[in-house]
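Accompanying notes for the structure given below.
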Amino acid sequence: MLHLLKHPLLTHKLAILRNKATPMREFRHTLKEIAGLMAYEITRDLPVRKITVETPIGSCETEELAKDVVLVPVLRAGLGMADGISNLISSARIGHIGMYRDHVTLTPMTYYAKFPDNLPQAVVMVLDPMLATGGSSSDAITILKNNGATIIKLVCVVGAPEGVSKIENDHPDVQIYLAALDEKLNDIGYIVPGLGDAGDRLFGTK
Ligand code: PRP
Ligand code: URA
């Protein structure tokens, strides 16, 4: 299921990421801010449990989060989203999946995976700014399921229709969150208009 998040602040900040004149430092800062803004919607359905706290004035029946949250940034570019969300959910543990697309075949190649042991009980959020062909996100979700994850949300910033369709086909149980659904992929697998190569812009490698 696709959730397309619409908010003037998100659109404004995404325009900064899209702008090719935006320098690395501002790109990094803005991606983190966008992830933080998206956190509000991606956590909307988290289960809560009743608790009682003592305020300075008296007793208060209230609620707290009932499930662990695990964030799983897909390296490299997903790293740029992790702090924006973990700043708001300080109890979230963080796993990592290292993956890159073969430049010719666009096939995702996995080079690293490490997860906390509460994966099966947790709400797991896969973080990657770009959902292009969907190959990387789909493989990341498969790896998480093979490691016991049961509740998985995919949080991307910009998506292409091809990537959304792939996730809906491969993983119909996964909720997809996007700040923008762009037009298409070009012939070398980049999102049009997109924002270019997220990893390179985030880490200054080009
Ligand atoms: C980018 C991006 C995604 C992937 C999306 O990573 O961060 O992980 O491409 O493409 P897909 O949907 O077609 O699989 P990249 O392979 O460039 O690796 P990097 O982050 O290390 O640069
Ligand atoms: N990966 C990126 O970083 N950008 C795209 O447009 C597609 C895949």
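We label chains A, B, ... in the order they appear in the structure tokens, count residues from 1 in each chain, and number ligands from 1 in the order shown.
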
Give the residue list for ligand 1 at 8 Å, counting only C-alpha atoms and all ligand atoms, as an MDAnalysis selection string, sorted by chain and then by residue number. chainID A and resid 74:78 98:103 106:108 128:138 163 189:190 197:200

I need the chosen residues saved as a CSV table (one decimal), in the first residue's frame, with N, CA, C and O atoms.
```
chain,number,residue,atom,x,y,z
A,74,VAL,N,19.5,1.6,4.2
A,74,VAL,CA,20.2,0.9,3.1
A,74,VAL,C,21.4,1.7,2.7
A,74,VAL,O,21.2,2.9,2.2
A,75,LEU,N,22.6,1.2,2.9
A,75,LEU,CA,23.8,2.0,2.6
A,75,LEU,C,23.9,2.1,1.0
A,75,LEU,O,23.6,1.1,0.4
A,76,ARG,N,24.3,3.2,0.6
A,76,ARG,CA,24.8,4.3,1.5
A,76,ARG,C,23.7,5.3,1.8
A,76,ARG,O,23.7,5.9,2.9
A,77,ALA,N,22.9,5.7,0.8
A,77,ALA,CA,22.1,6.9,0.9
A,77,ALA,C,21.1,6.8,2.1
A,77,ALA,O,20.8,7.9,2.7
A,78,GLY,N,20.7,5.6,2.5
A,78,GLY,CA,19.7,5.5,3.6
A,78,GLY,C,20.3,6.1,4.9
A,78,GLY,O,19.5,6.5,5.8
A,98,GLY,N,24.0,-3.2,3.4
A,98,GLY,CA,24.9,-2.5,2.4
A,98,GLY,C,24.6,-3.1,1.1
A,98,GLY,O,24.5,-4.3,0.9
A,99,MET,N,24.3,-2.2,0.1
A,99,MET,CA,23.8,-2.7,-1.2
A,99,MET,C,24.2,-1.6,-2.2
A,99,MET,O,24.2,-0.4,-1.9
A,100,TYR,N,24.6,-2.1,-3.4
A,100,TYR,CA,24.8,-1.1,-4.5
A,100,TYR,C,24.3,-1.8,-5.8
A,100,TYR,O,24.2,-3.0,-5.9
A,101,ARG,N,23.8,-0.9,-6.7
A,101,ARG,CA,23.3,-1.4,-8.0
A,101,ARG,C,24.5,-1.6,-9.0
A,101,ARG,O,25.3,-0.7,-9.2
A,102,ASP,N,24.5,-2.7,-9.6
A,102,ASP,CA,25.4,-2.9,-10.7
A,102,ASP,C,25.1,-1.9,-11.8
A,102,ASP,O,23.9,-1.8,-12.2
A,103,HIS,N,26.0,-1.1,-12.2
A,103,HIS,CA,25.7,0.0,-13.1
A,103,HIS,C,25.2,-0.4,-14.5
A,103,HIS,O,24.4,0.3,-15.1
A,106,LEU,N,21.8,-3.0,-13.3
A,106,LEU,CA,20.9,-2.4,-12.3
A,106,LEU,C,20.5,-3.5,-11.2
A,106,LEU,O,19.7,-3.2,-10.4
A,107,THR,N,21.2,-4.6,-11.2
A,107,THR,CA,20.9,-5.7,-10.2
A,107,THR,C,21.5,-5.2,-8.9
A,107,THR,O,22.7,-4.9,-8.8
A,108,PRO,N,20.8,-5.3,-7.8
A,108,PRO,CA,21.4,-4.9,-6.5
A,108,PRO,C,22.3,-6.0,-6.0
A,108,PRO,O,22.0,-7.2,-6.1
A,128,ASP,N,15.6,4.4,2.6
A,128,ASP,CA,16.4,4.6,1.4
A,128,ASP,C,15.7,5.8,0.6
A,128,ASP,O,14.5,5.7,0.3
A,129,PRO,N,16.4,6.9,0.4
A,129,PRO,CA,15.8,8.0,-0.3
A,129,PRO,C,15.2,7.7,-1.7
A,129,PRO,O,14.3,8.3,-2.1
A,130,MET,N,15.8,6.7,-2.4
A,130,MET,CA,15.4,6.5,-3.8
A,130,MET,C,14.8,5.1,-4.0
A,130,MET,O,15.4,4.1,-3.7
A,131,LEU,N,13.6,5.1,-4.6
A,131,LEU,CA,12.9,3.8,-5.0
A,131,LEU,C,12.8,3.9,-6.5
A,131,LEU,O,11.9,4.5,-7.0
A,132,ALA,N,13.8,3.3,-7.2
A,132,ALA,CA,13.9,3.5,-8.6
A,132,ALA,C,13.3,2.3,-9.3
A,132,ALA,O,12.1,2.2,-9.5
A,133,THR,N,14.1,1.2,-9.7
A,133,THR,CA,13.5,0.0,-10.2
A,133,THR,C,12.8,-0.8,-9.1
A,133,THR,O,12.0,-1.7,-9.3
A,134,GLY,N,13.2,-0.5,-7.8
A,134,GLY,CA,12.7,-1.2,-6.7
A,134,GLY,C,13.5,-2.4,-6.3
A,134,GLY,O,13.2,-3.1,-5.3
A,135,GLY,N,14.5,-2.7,-7.1
A,135,GLY,CA,15.3,-3.9,-6.9
A,135,GLY,C,16.0,-3.9,-5.5
A,135,GLY,O,15.9,-4.9,-4.8
A,136,SER,N,16.6,-2.8,-5.2
A,136,SER,CA,17.3,-2.7,-3.9
A,136,SER,C,16.4,-2.8,-2.7
A,136,SER,O,16.6,-3.6,-1.8
A,137,SER,N,15.3,-2.1,-2.7
A,137,SER,CA,14.4,-2.1,-1.6
A,137,SER,C,13.7,-3.5,-1.5
A,137,SER,O,13.5,-4.0,-0.4
A,138,SER,N,13.4,-4.1,-2.6
A,138,SER,CA,12.7,-5.4,-2.6
A,138,SER,C,13.7,-6.5,-2.0
A,138,SER,O,13.3,-7.2,-1.1
A,163,GLY,N,9.2,1.2,-9.4
A,163,GLY,CA,9.6,0.8,-8.1
A,163,GLY,C,8.4,0.4,-7.2
A,163,GLY,O,8.4,-0.6,-6.5
A,189,GLY,N,18.2,3.9,-15.6
A,189,GLY,CA,17.6,3.6,-14.3
A,189,GLY,C,17.6,4.7,-13.3
A,189,GLY,O,17.4,4.4,-12.1
A,190,TYR,N,17.7,5.9,-13.7
A,190,TYR,CA,17.6,7.1,-12.8
A,190,TYR,C,16.2,7.6,-12.8
A,190,TYR,O,15.5,7.6,-13.8
A,197,ASP,N,22.0,11.2,-8.2
A,197,ASP,CA,22.5,10.0,-7.4
A,197,ASP,C,22.6,10.4,-6.0
A,197,ASP,O,23.4,11.3,-5.6
A,198,ALA,N,21.6,9.9,-5.2
A,198,ALA,CA,21.5,10.3,-3.8
A,198,ALA,C,22.8,10.1,-3.0
A,198,ALA,O,23.2,10.9,-2.2
A,199,GLY,N,23.4,8.9,-3.2
A,199,GLY,CA,24.6,8.6,-2.4
A,199,GLY,C,25.7,9.5,-2.7
A,199,GLY,O,26.4,10.0,-1.8
A,200,ASP,N,25.9,9.8,-4.0
A,200,ASP,CA,27.0,10.7,-4.4
A,200,ASP,C,26.8,12.1,-3.9
A,200,ASP,O,27.7,12.8,-3.4
```

Going by DSSP on the backbone, which bits of segment 167-199 of chain A are strand (DSSP E)? Write them as an NGL selection string, please. :A and (175-178 or 180-181 or 184-185 or 191-192)

Output file for the residues above (N, CA and C atoms, as a JSON list (two decimals), in the first residue's frame):
```
[["chain", "number", "residue", "atom", "x", "y", "z"],
["A", 175, "GLN", "N", 3.97, -1.56, 3.78],
["A", 175, "GLN", "CA", 3.48, -0.21, 3.50],
["A", 175, "GLN", "C", 4.63, 0.63, 2.96],
["A", 176, "ILE", "N", 4.34, 1.38, 1.89],
["A", 176, "ILE", "CA", 5.37, 2.21, 1.25],
["A", 176, "ILE", "C", 5.03, 3.68, 1.53],
["A", 177, "TYR", "N", 6.04, 4.44, 1.96],
["A", 177, "TYR", "CA", 5.85, 5.87, 2.21],
["A", 177, "TYR", "C", 6.78, 6.65, 1.29],
["A", 178, "LEU", "N", 6.23, 7.64, 0.58],
["A", 178, "LEU", "CA", 7.01, 8.48, -0.33],
["A", 178, "LEU", "C", 6.64, 9.94, -0.09],
["A", 180, "ALA", "N", 7.37, 11.94, -2.74],
["A", 180, "ALA", "CA", 7.02, 12.30, -4.12],
["A", 180, "ALA", "C", 7.04, 11.05, -4.99],
["A", 181, "LEU", "N", 6.05, 10.97, -5.87],
["A", 181, "LEU", "CA", 6.04, 9.90, -6.88],
["A", 181, "LEU", "C", 6.32, 10.58, -8.22],
["A", 184, "LYS", "N", 8.96, 8.72, -14.14],
["A", 184, "LYS", "CA", 9.45, 7.48, -14.78],
["A", 184, "LYS", "C", 10.94, 7.28, -14.47],
["A", 185, "LEU", "N", 11.49, 6.20, -15.02],
["A", 185, "LEU", "CA", 12.94, 5.98, -14.99],
["A", 185, "LEU", "C", 13.51, 6.32, -16.35],
["A", 191, "ILE", "N", 15.72, 8.08, -11.66],
["A", 191, "ILE", "CA", 14.37, 8.63, -11.57],
["A", 191, "ILE", "C", 14.32, 9.99, -12.25],
["A", 192, "VAL", "N", 13.27, 10.18, -13.07],
["A", 192, "VAL", "CA", 13.05, 11.45, -13.79],
["A", 192, "VAL", "C", 11.80, 12.13, -13.23]]
```

Would you mind reading off the distance between atom CA of Leu88 of chain A and atom CA of Gly36 of chain A, one decimal, in Å?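 Between atom CA of Leu88 of chain A and atom CA of Gly36 of chain A the gap is 7.3 Å.
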
Mind checking which residues fall within 9 Å of Thr150 of chain A, counting only C-alpha atoms, ignoring those fewer than 3 positions away in the same chain, and posting them as a ChimeraX atom specification? /A:119-124,144-145

Option closest in space to Leu127 of chain A, from A:Ala82, A:Glu168, A:Tyr111, A:Gly148 [counting only C-alpha atoms]: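 The shortest atom-to-atom distance to Leu127 of chain A comes from A:Ala82.
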
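Taking only C-alpha atoms into account, Met81 of chain A lies nearest to A:Glu33 out of the set A:Glu162, A:Glu33, A:Glu54, A:Asp187.
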
Residue nearest ligand 2 - candidates A:Lys50, A:Arg93, A:Lys166, A:Arg201, atoms counted: only C-alpha atoms and all ligand atoms: A:Arg201

Min atom-atom distance to Val155 of chain A from the set A:Asp83, A:Glu41, A:Asp182, A:Asp139, counting only C-alpha atoms, belongs to A:Glu41

Could you check the closest approach to ligand 2 for each of A:Lys32, A:Lys206, A:Arg49, A:Lys114 and tell me which residue wins, using only C-alpha atoms and all ligand atoms?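 Counting only C-alpha atoms and all ligand atoms, the residue closest to ligand 2 is A:Lys206.
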
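Shell of Met125 of chain A at 8 Å, with only C-alpha atoms counted and residues fewer than 2 places along the chain excluded, is Val69, Val70, Leu71, Val72, Val123, Leu127, Ile152, Lys153, Leu154 and Val155 of chain A.
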